[in-house]
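Just final09.csv here, CSV, C-alpha atoms:
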```csv
chain,number,residue,atom,x,y,z
E,1,MET,CA,1.2,8.3,11.6
E,2,ASP,CA,-1.5,9.1,14.2
E,3,ARG,CA,-4.6,10.7,12.5
E,4,ARG,CA,-8.3,10.6,13.1
E,5,LEU,CA,-10.1,8.2,10.9
E,6,ASN,CA,-13.6,8.6,9.5
E,7,ILE,CA,-14.6,5.3,7.8
E,8,VAL,CA,-17.6,4.1,6.0
E,9,MET,CA,-18.0,0.4,5.3
E,10,LEU,CA,-20.1,-1.9,3.2
E,11,GLY,CA,-20.2,-5.7,4.0
E,12,ALA,CA,-19.6,-5.5,7.7
E,13,THR,CA,-21.7,-8.5,8.6
E,14,GLY,CA,-19.6,-11.1,6.7
E,15,ALA,CA,-16.8,-13.2,8.1
E,16,VAL,CA,-14.1,-10.8,7.2
E,17,GLY,CA,-16.2,-7.7,7.7
E,18,THR,CA,-16.9,-8.5,11.4
E,19,GLU,CA,-13.2,-9.0,12.0
E,20,VAL,CA,-12.5,-5.6,10.4
E,21,VAL,CA,-15.1,-3.9,12.6
E,22,SER,CA,-13.8,-5.6,15.7
E,23,THR,CA,-10.4,-4.2,15.2
E,24,LEU,CA,-11.5,-0.7,14.1
E,25,VAL,CA,-13.6,0.0,17.2
E,26,LYS,CA,-10.4,-0.7,19.3
E,27,MET,CA,-8.3,1.7,17.4
E,28,PRO,CA,-7.6,5.1,19.1
E,29,GLU,CA,-7.5,6.8,15.7
E,30,LEU,CA,-11.1,6.0,14.9
E,31,ALA,CA,-13.4,9.0,15.1
E,32,ARG,CA,-16.4,7.8,13.1
E,33,LEU,CA,-17.4,4.4,11.7
E,34,THR,CA,-20.5,4.2,9.5
E,35,LEU,CA,-21.8,0.8,8.6
E,36,LEU,CA,-24.2,0.3,5.7
E,37,GLY,CA,-26.1,-2.9,5.0
E,38,ARG,CA,-29.3,-4.9,5.2
E,39,ARG,CA,-28.8,-5.9,8.8
E,40,PRO,CA,-26.9,-4.4,11.7
E,41,VAL,CA,-23.7,-5.7,13.2
E,42,GLU,CA,-24.4,-7.0,16.7
E,43,GLY,CA,-22.2,-6.7,19.8
E,44,VAL,CA,-20.0,-3.8,18.8
E,45,ALA,CA,-19.9,-0.4,20.5
E,46,HIS,CA,-18.0,2.9,19.8
E,47,GLU,CA,-19.1,6.5,20.4
E,48,GLY,CA,-18.6,7.2,16.7
E,49,LEU,CA,-20.4,4.1,15.4
E,50,ARG,CA,-23.5,4.6,13.2
E,51,GLN,CA,-25.4,1.9,11.4
E,52,HIS,CA,-27.8,2.5,8.6
E,53,ASN,CA,-30.1,0.1,6.8
E,54,ALA,CA,-29.3,0.4,3.1
E,55,ASP,CA,-30.1,-1.3,-0.2
E,56,ILE,CA,-26.7,-2.5,-1.3
E,57,PHE,CA,-28.0,-2.4,-4.9
E,58,GLY,CA,-29.1,1.2,-4.7
E,59,ALA,CA,-26.5,3.9,-3.9
E,60,ALA,CA,-29.3,6.4,-3.5
E,61,SER,CA,-30.4,4.6,-0.3
E,62,TYR,CA,-27.1,5.4,1.4
E,63,ALA,CA,-25.5,8.3,-0.5
E,64,GLU,CA,-26.5,10.9,2.2
E,65,HIS,CA,-24.4,8.9,4.7
E,66,LEU,CA,-21.2,9.1,2.8
E,67,ASP,CA,-20.2,12.8,3.3
E,68,GLY,CA,-17.3,13.5,5.7
E,69,HIS,CA,-15.6,10.1,5.4
E,70,THR,CA,-12.1,9.9,4.1
E,71,THR,CA,-11.8,6.1,4.0
E,72,ALA,CA,-14.2,3.4,2.6
E,73,ILE,CA,-13.9,-0.3,3.2
E,74,CYS,CA,-15.8,-2.9,1.1
E,75,THR,CA,-15.8,-6.5,2.2
E,76,LEU,CA,-19.1,-7.3,0.4
E,77,GLY,CA,-19.2,-10.5,-1.6
E,78,VAL,CA,-20.9,-13.9,-2.1
E,79,GLY,CA,-19.6,-16.3,0.5
E,80,GLU,CA,-19.9,-19.4,-1.8
E,81,PRO,CA,-20.1,-18.3,-5.5
E,82,SER,CA,-20.9,-21.8,-6.7
E,83,LYS,CA,-24.3,-21.6,-5.0
E,84,VAL,CA,-25.5,-18.5,-7.0
E,85,SER,CA,-26.0,-17.8,-10.6
E,86,ARG,CA,-23.4,-15.9,-12.6
E,87,GLU,CA,-25.8,-13.0,-12.9
E,88,ASP,CA,-26.2,-12.7,-9.1
E,89,PHE,CA,-22.5,-13.1,-8.6
E,90,VAL,CA,-21.8,-10.2,-10.9
E,91,ARG,CA,-24.6,-8.1,-9.4
E,92,ILE,CA,-23.2,-8.5,-5.8
E,93,ASP,CA,-19.5,-8.9,-6.2
E,94,LYS,CA,-19.0,-6.4,-9.0
E,95,LEU,CA,-21.9,-4.0,-9.7
E,96,ALA,CA,-22.9,-3.3,-6.1
E,97,VAL,CA,-19.3,-2.8,-5.1
E,98,LEU,CA,-18.6,-0.5,-8.0
E,99,ASP,CA,-21.8,1.6,-7.3
E,100,PHE,CA,-20.6,2.0,-3.7
E,101,ALA,CA,-17.1,3.0,-4.8
E,102,ALA,CA,-18.5,5.5,-7.3
E,103,ALA,CA,-20.7,7.1,-4.7
E,104,CYS,CA,-17.8,7.3,-2.3
E,105,ARG,CA,-15.6,8.9,-4.9
E,106,LYS,CA,-18.4,11.5,-5.6
E,107,ALA,CA,-18.7,12.2,-1.9
E,108,GLY,CA,-15.0,13.0,-1.6
E,109,VAL,CA,-13.7,9.7,-0.1
E,110,LYS,CA,-9.9,9.6,-0.7
E,111,HIS,CA,-9.0,6.0,0.3
E,112,PHE,CA,-10.9,2.9,-0.9
E,113,GLN,CA,-10.1,-0.6,0.4
E,114,LEU,CA,-11.4,-3.7,-1.4
E,115,LEU,CA,-11.5,-7.3,-0.2
E,116,GLY,CA,-10.8,-9.1,-3.5
E,117,SER,CA,-9.1,-12.4,-4.5
E,118,ILE,CA,-5.7,-13.7,-5.4
E,119,GLY,CA,-5.5,-14.2,-9.2
E,120,SER,CA,-7.9,-11.4,-10.1
E,121,ASP,CA,-7.4,-10.6,-13.7
E,122,SER,CA,-9.8,-9.1,-16.3
E,123,ARG,CA,-8.2,-11.3,-18.9
E,124,SER,CA,-8.6,-14.6,-16.9
E,125,ARG,CA,-10.4,-17.6,-18.4
E,126,SER,CA,-12.0,-18.1,-15.0
E,127,PHE,CA,-15.3,-16.3,-14.7
E,128,PHE,CA,-14.8,-15.7,-11.0
E,129,LEU,CA,-11.3,-14.2,-11.4
E,130,ARG,CA,-12.2,-12.3,-14.6
E,131,THR,CA,-15.1,-10.6,-12.8
E,132,LYS,CA,-12.9,-9.7,-9.8
E,133,GLY,CA,-10.3,-8.3,-12.2
E,134,GLU,CA,-12.9,-6.3,-14.1
E,135,LEU,CA,-13.9,-4.7,-10.8
E,136,GLU,CA,-10.4,-3.9,-9.9
E,137,ASP,CA,-9.8,-2.2,-13.3
E,138,ALA,CA,-13.0,-0.2,-12.8
E,139,LEU,CA,-11.9,0.9,-9.3
E,140,ARG,CA,-8.5,2.0,-10.7
E,141,ALA,CA,-10.3,4.1,-13.3
E,142,LEU,CA,-12.1,6.0,-10.5
E,143,ASP,CA,-8.8,7.5,-9.5
E,144,PHE,CA,-8.9,7.5,-5.7
E,145,GLU,CA,-6.0,9.2,-4.0
E,146,ARG,CA,-5.3,5.8,-2.5
E,147,LEU,CA,-6.6,2.4,-3.5
E,148,SER,CA,-5.9,-0.8,-1.5
E,149,LEU,CA,-6.6,-4.1,-3.2
E,150,PHE,CA,-6.5,-7.0,-0.7
E,151,GLN,CA,-6.0,-10.3,-2.5
E,152,PRO,CA,-6.3,-13.3,-0.2
E,153,SER,CA,-6.3,-16.9,-1.3
E,154,MET,CA,-8.3,-19.3,0.9
E,155,ILE,CA,-9.8,-17.5,3.9
E,156,LEU,CA,-9.7,-19.7,6.9
E,157,THR,CA,-12.6,-19.2,9.3
E,158,PRO,CA,-12.9,-20.9,12.8
E,159,GLU,CA,-16.2,-22.5,11.9
E,160,ASN,CA,-17.5,-24.3,8.8
E,161,ARG,CA,-20.0,-21.9,7.2
E,162,TYR,CA,-20.8,-23.7,4.0
E,163,GLY,CA,-20.9,-27.4,4.4
E,164,LEU,CA,-18.8,-30.4,3.5
E,165,THR,CA,-16.7,-28.7,0.8
E,166,GLN,CA,-15.6,-25.9,3.1
E,167,ALA,CA,-15.0,-28.4,5.9
E,168,LEU,CA,-12.5,-30.3,3.8
E,169,THR,CA,-10.9,-27.1,2.7
E,170,LEU,CA,-10.5,-25.8,6.2
E,171,TRP,CA,-8.9,-29.1,7.2
E,172,GLY,CA,-6.6,-29.5,4.3
E,173,TRP,CA,-5.5,-26.1,3.1
E,174,PRO,CA,-3.3,-25.2,6.1
E,175,LYS,CA,-1.4,-28.4,5.7
E,176,LEU,CA,-0.3,-27.3,2.3
E,177,ASN,CA,1.3,-24.1,3.5
E,178,PHE,CA,4.8,-25.6,3.9
E,179,LEU,CA,4.7,-26.4,0.1
E,180,LEU,CA,3.8,-22.8,-0.8
E,181,THR,CA,7.0,-20.9,-0.6
E,182,GLY,CA,8.7,-18.2,-2.6
E,183,PRO,CA,6.4,-16.8,-5.3
E,184,ARG,CA,3.7,-19.3,-4.3
E,185,THR,CA,3.5,-17.9,-0.7
E,186,LYS,CA,0.6,-15.7,-1.9
E,187,TYR,CA,-1.6,-18.8,-2.2
E,188,ARG,CA,-1.3,-19.7,1.5
E,189,GLY,CA,-4.5,-19.8,3.4
E,190,ILE,CA,-5.0,-16.8,5.7
E,191,LYS,CA,-6.9,-16.7,9.0
E,192,VAL,CA,-9.9,-14.5,8.9
E,193,ALA,CA,-8.9,-12.7,12.0
E,194,THR,CA,-5.5,-11.9,10.6
E,195,LEU,CA,-7.0,-10.6,7.3
E,196,GLY,CA,-9.6,-8.5,9.1
E,197,THR,CA,-7.0,-7.0,11.4
E,198,ALA,CA,-4.8,-6.2,8.4
E,199,ILE,CA,-7.5,-4.4,6.5
E,200,ALA,CA,-8.4,-2.3,9.6
E,201,LEU,CA,-4.8,-1.3,10.4
E,202,ASN,CA,-4.0,-0.5,6.9
E,203,ALA,CA,-6.5,2.4,7.0
E,204,ARG,CA,-4.3,4.3,9.4
E,205,LEU,CA,-1.3,4.4,7.2
E,206,ASP,CA,-0.6,7.6,5.3
E,207,LYS,CA,0.0,6.5,1.7
E,208,SER,CA,-1.1,7.3,-1.9
E,209,GLY,CA,-1.5,5.4,-5.2
E,210,VAL,CA,-2.6,1.9,-5.8
E,211,GLU,CA,-1.4,-1.0,-3.7
E,212,THR,CA,-2.0,-4.7,-4.0
E,213,LEU,CA,-1.7,-6.7,-0.8
E,214,ARG,CA,-1.2,-10.4,-0.4
E,215,TRP,CA,-0.3,-13.0,2.3
E,216,ASP,CA,3.0,-11.5,3.4
E,217,ASP,CA,1.5,-8.1,3.6
E,218,PHE,CA,-1.4,-9.3,5.7
E,219,HIS,CA,0.9,-10.7,8.3
E,220,THR,CA,3.2,-7.6,8.2
E,221,LEU,CA,0.2,-5.3,8.9
E,222,ALA,CA,-1.5,-7.6,11.5
E,223,ASP,CA,1.7,-8.2,13.4
```

Exercise: express the given structure as structure tokens:
Amino acid sequence: MDRRLNIVMLGATGAVGTEVVSTLVKMPELARLTLLGRRPVEGVAHEGLRQHNADIFGAASYAEHLDGHTTAICTLGVGEPSKVSREDFVRIDKLAVLDFAAACRKAGVKHFQLLGSIGSDSRSRSFFLRTKGELEDALRALDFERLSLFQPSMILTPENRYGLTQALTLWGWPKLNFLLTGPRTKYRGIKVATLGTAIALNARLDKSGVETLRWDDFHTLAD
């Protein structure tokens, strides 16, 4: 369905976020794109693009920029959770995201898209997955007309961003894909460009309710 899109986004400078923005600015449906964050996204242009410096931990710093948008995209998150304290992880990956979502809901945003994680579950024994699950539960409670929960497994970037551990993962994970079939397909690694494209293109679909999207869905959307 062809319709004009007015999108506000938090987390646009990350690996996935930059891919989302790259696809959005090429979409004919895009009327307005507002990017909120601590630093601007470089090298992108669109007549409807606006970038605002914002405190990601304080919704009051960006609330005035939310009116008039129908879709919000959040790709904010800690790139390497093992390198930060649990408190900081919760503050960034859960509380800042939830504050953004609540402010968007108050401003009349109808569709919220979240970059989450496979295995998110508020009952999980894993601190990481439990935190992600608690966030998803809280987003459901906000009762957006449409809520899109993207749950990738390993995100495969072209370059090594975090050192030896990621280098080994980027080398080895794709080689496991042939073993991950059937119900385990959702654990396959996903290229960051494919994921970003899927998130952007999903915004143009006319749907309602809560949807959880995984590996197969990413490829369906991006292709």

### Query
Which distance in Å separates CA of Arg32 in chain E and CA of Leu49 in chain E, to one decimal?
5.9 Å

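Between Val8 in chain E and the residues E:Ser85, E:Gly189, E:Thr194, E:Ala203, the shortest atom-to-atom distance, using all atoms listed in the file, involves E:Ala203.
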
### Å distance separating CA of Leu135 in chain E from CA of Ala193 in chain E, one decimal place
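Pair CA of Leu135 in chain E / CA of Ala193 in chain E returns 24.7 Å.
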
### Task
With a distance cut-off of 10 Å and all atoms listed in the file, select the neighbouring residues of Tyr62 in chain E, excluding the residue or stretch itself and same-chain residues fewer than 5 positions from it, and output the selection as a ChimeraX atom specification.
/E:36-37,52-56,100,103

### Query
Which of these residues is nearest to Leu195 in chain E, using all atoms listed in the file: E:Gly116, E:Gly48, E:Pro28, E:Gly133?
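Closest to Leu195 in chain E, using all atoms listed in the file: E:Gly116.
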
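Comparing E:Thr75, E:Thr157, E:Gln113, E:Ser120 by their smallest distance to Leu201 in chain E, the closest is E:Gln113 (using all atoms listed in the file).
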
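Every protein or nucleic acid residue with an atom no more than 12 Å from Leu221 in chain E, counting all atoms listed in the file and leaving out same-chain residues fewer than 6 positions away, appears here: E:Phe150, E:Thr194, E:Leu195, E:Gly196, E:Thr197, E:Ala198, E:Ile199, E:Ala200, E:Leu201, E:Asn202, E:Ala203, E:Arg204, E:Leu205, E:Leu213, E:Arg214, E:Trp215.
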
### Task
Between CA of Ser117 in chain E and CA of Ala60 in chain E, measure the distance and give it in Å to one decimal.
27.6 Å

### Selection near Leu115 in chain E, 12 Å with all atoms listed in the file, sequence-local residues under 2 positions removed, as an MDAnalysis selection string
chainID E and resid 9:12 14:17 20 72:78 93:94 97 112:113 117:118 120 132 135:136 147:153 155 192 195:196 198:200 212:214 218

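Closest approach to Leu142 in chain E among E:Pro40, E:Gly108, E:Gly58, E:Pro81 is made by E:Gly108 (distances from all atoms listed in the file).
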
Find the residues around Ser122 in chain E up to 7 Å (all atoms listed in the file counted), leave out those fewer than 3 positions away in its own chain, and share them as a JSON list (two decimals) with C-alpha atoms, in the coordinates of the input.
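Output file result.json is given in full below:
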```json
[["chain", "number", "residue", "atom", "x", "y", "z"],
["E", 130, "ARG", "CA", -12.20, -12.30, -14.60],
["E", 131, "THR", "CA", -15.10, -10.60, -12.80],
["E", 133, "GLY", "CA", -10.30, -8.30, -12.20],
["E", 134, "GLU", "CA", -12.90, -6.30, -14.10]]
```

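Closest approach to Thr70 in chain E among E:Val109, E:Leu95, E:Ala222, E:Ala102 is made by E:Val109 (distances from only C-alpha atoms).
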
### Query
Which residue out of E:Ala59, E:Lys83, E:Gly119, E:Phe128 has the minimum interatomic distance to Cys104 in chain E when all atoms listed in the file are used?
E:Ala59

Can you rebuild range 71-97 of chain E with N, CA and C atoms and give it as a short mmCIF file (atom, residue, chain, number, x, y, z; two decimals), in the frame of the given file?
```
data_model
loop_
_atom_site.label_atom_id
_atom_site.label_comp_id
_atom_site.auth_asym_id
_atom_site.auth_seq_id
_atom_site.Cartn_x
_atom_site.Cartn_y
_atom_site.Cartn_z
N THR E 71 -12.18 7.46 4.31
CA THR E 71 -11.80 6.10 4.00
C THR E 71 -13.08 5.24 3.81
N ALA E 72 -13.10 4.39 2.79
CA ALA E 72 -14.20 3.40 2.60
C ALA E 72 -13.60 2.03 2.55
N ILE E 73 -14.28 1.11 3.19
CA ILE E 73 -13.90 -0.30 3.20
C ILE E 73 -15.02 -1.13 2.66
N CYS E 74 -14.73 -1.99 1.69
CA CYS E 74 -15.80 -2.90 1.10
C CYS E 74 -15.33 -4.32 1.25
N THR E 75 -16.07 -5.08 2.06
CA THR E 75 -15.80 -6.50 2.20
C THR E 75 -17.06 -7.29 1.72
N LEU E 76 -17.89 -6.63 0.92
CA LEU E 76 -19.10 -7.30 0.40
C LEU E 76 -18.72 -8.35 -0.62
N GLY E 77 -19.45 -9.46 -0.58
CA GLY E 77 -19.20 -10.50 -1.60
C GLY E 77 -19.99 -11.76 -1.26
N VAL E 78 -20.16 -12.59 -2.28
CA VAL E 78 -20.90 -13.90 -2.10
C VAL E 78 -19.94 -14.84 -1.39
N GLY E 79 -20.43 -15.42 -0.32
CA GLY E 79 -19.60 -16.30 0.50
C GLY E 79 -19.25 -17.61 -0.28
N GLU E 80 -20.18 -18.13 -1.05
CA GLU E 80 -19.90 -19.40 -1.80
C GLU E 80 -20.47 -19.17 -3.23
N PRO E 81 -19.63 -18.64 -4.11
CA PRO E 81 -20.10 -18.30 -5.50
C PRO E 81 -20.71 -19.44 -6.24
N SER E 82 -20.32 -20.67 -5.97
CA SER E 82 -20.90 -21.80 -6.70
C SER E 82 -22.35 -22.02 -6.43
N LYS E 83 -22.86 -21.39 -5.39
CA LYS E 83 -24.30 -21.60 -5.00
C LYS E 83 -25.19 -20.51 -5.59
N VAL E 84 -24.64 -19.56 -6.36
CA VAL E 84 -25.50 -18.50 -7.00
C VAL E 84 -25.26 -18.49 -8.46
N SER E 85 -26.18 -17.89 -9.17
CA SER E 85 -26.00 -17.80 -10.60
C SER E 85 -24.93 -16.78 -10.95
N ARG E 86 -24.45 -16.84 -12.19
CA ARG E 86 -23.40 -15.90 -12.60
C ARG E 86 -23.95 -14.46 -12.55
N GLU E 87 -25.22 -14.30 -12.90
CA GLU E 87 -25.80 -13.00 -12.90
C GLU E 87 -25.83 -12.39 -11.49
N ASP E 88 -26.21 -13.22 -10.50
CA ASP E 88 -26.20 -12.70 -9.10
C ASP E 88 -24.84 -12.46 -8.59
N PHE E 89 -23.90 -13.30 -8.99
CA PHE E 89 -22.50 -13.10 -8.60
C PHE E 89 -22.01 -11.72 -9.07
N VAL E 90 -22.23 -11.44 -10.34
CA VAL E 90 -21.80 -10.20 -10.90
C VAL E 90 -22.51 -9.00 -10.23
N ARG E 91 -23.78 -9.18 -9.97
CA ARG E 91 -24.60 -8.10 -9.40
C ARG E 91 -24.06 -7.76 -7.96
N ILE E 92 -23.66 -8.77 -7.19
CA ILE E 92 -23.20 -8.50 -5.80
C ILE E 92 -21.73 -8.17 -5.77
N ASP E 93 -20.90 -9.02 -6.36
CA ASP E 93 -19.50 -8.90 -6.20
C ASP E 93 -18.83 -7.80 -7.09
N LYS E 94 -19.54 -7.40 -8.13
CA LYS E 94 -19.00 -6.40 -9.00
C LYS E 94 -19.82 -5.11 -9.04
N LEU E 95 -21.07 -5.21 -9.46
CA LEU E 95 -21.90 -4.00 -9.70
C LEU E 95 -22.20 -3.25 -8.40
N ALA E 96 -22.60 -3.98 -7.34
CA ALA E 96 -22.90 -3.30 -6.10
C ALA E 96 -21.69 -2.66 -5.48
N VAL E 97 -20.55 -3.32 -5.61
CA VAL E 97 -19.30 -2.80 -5.10
C VAL E 97 -18.90 -1.53 -5.87
#
```
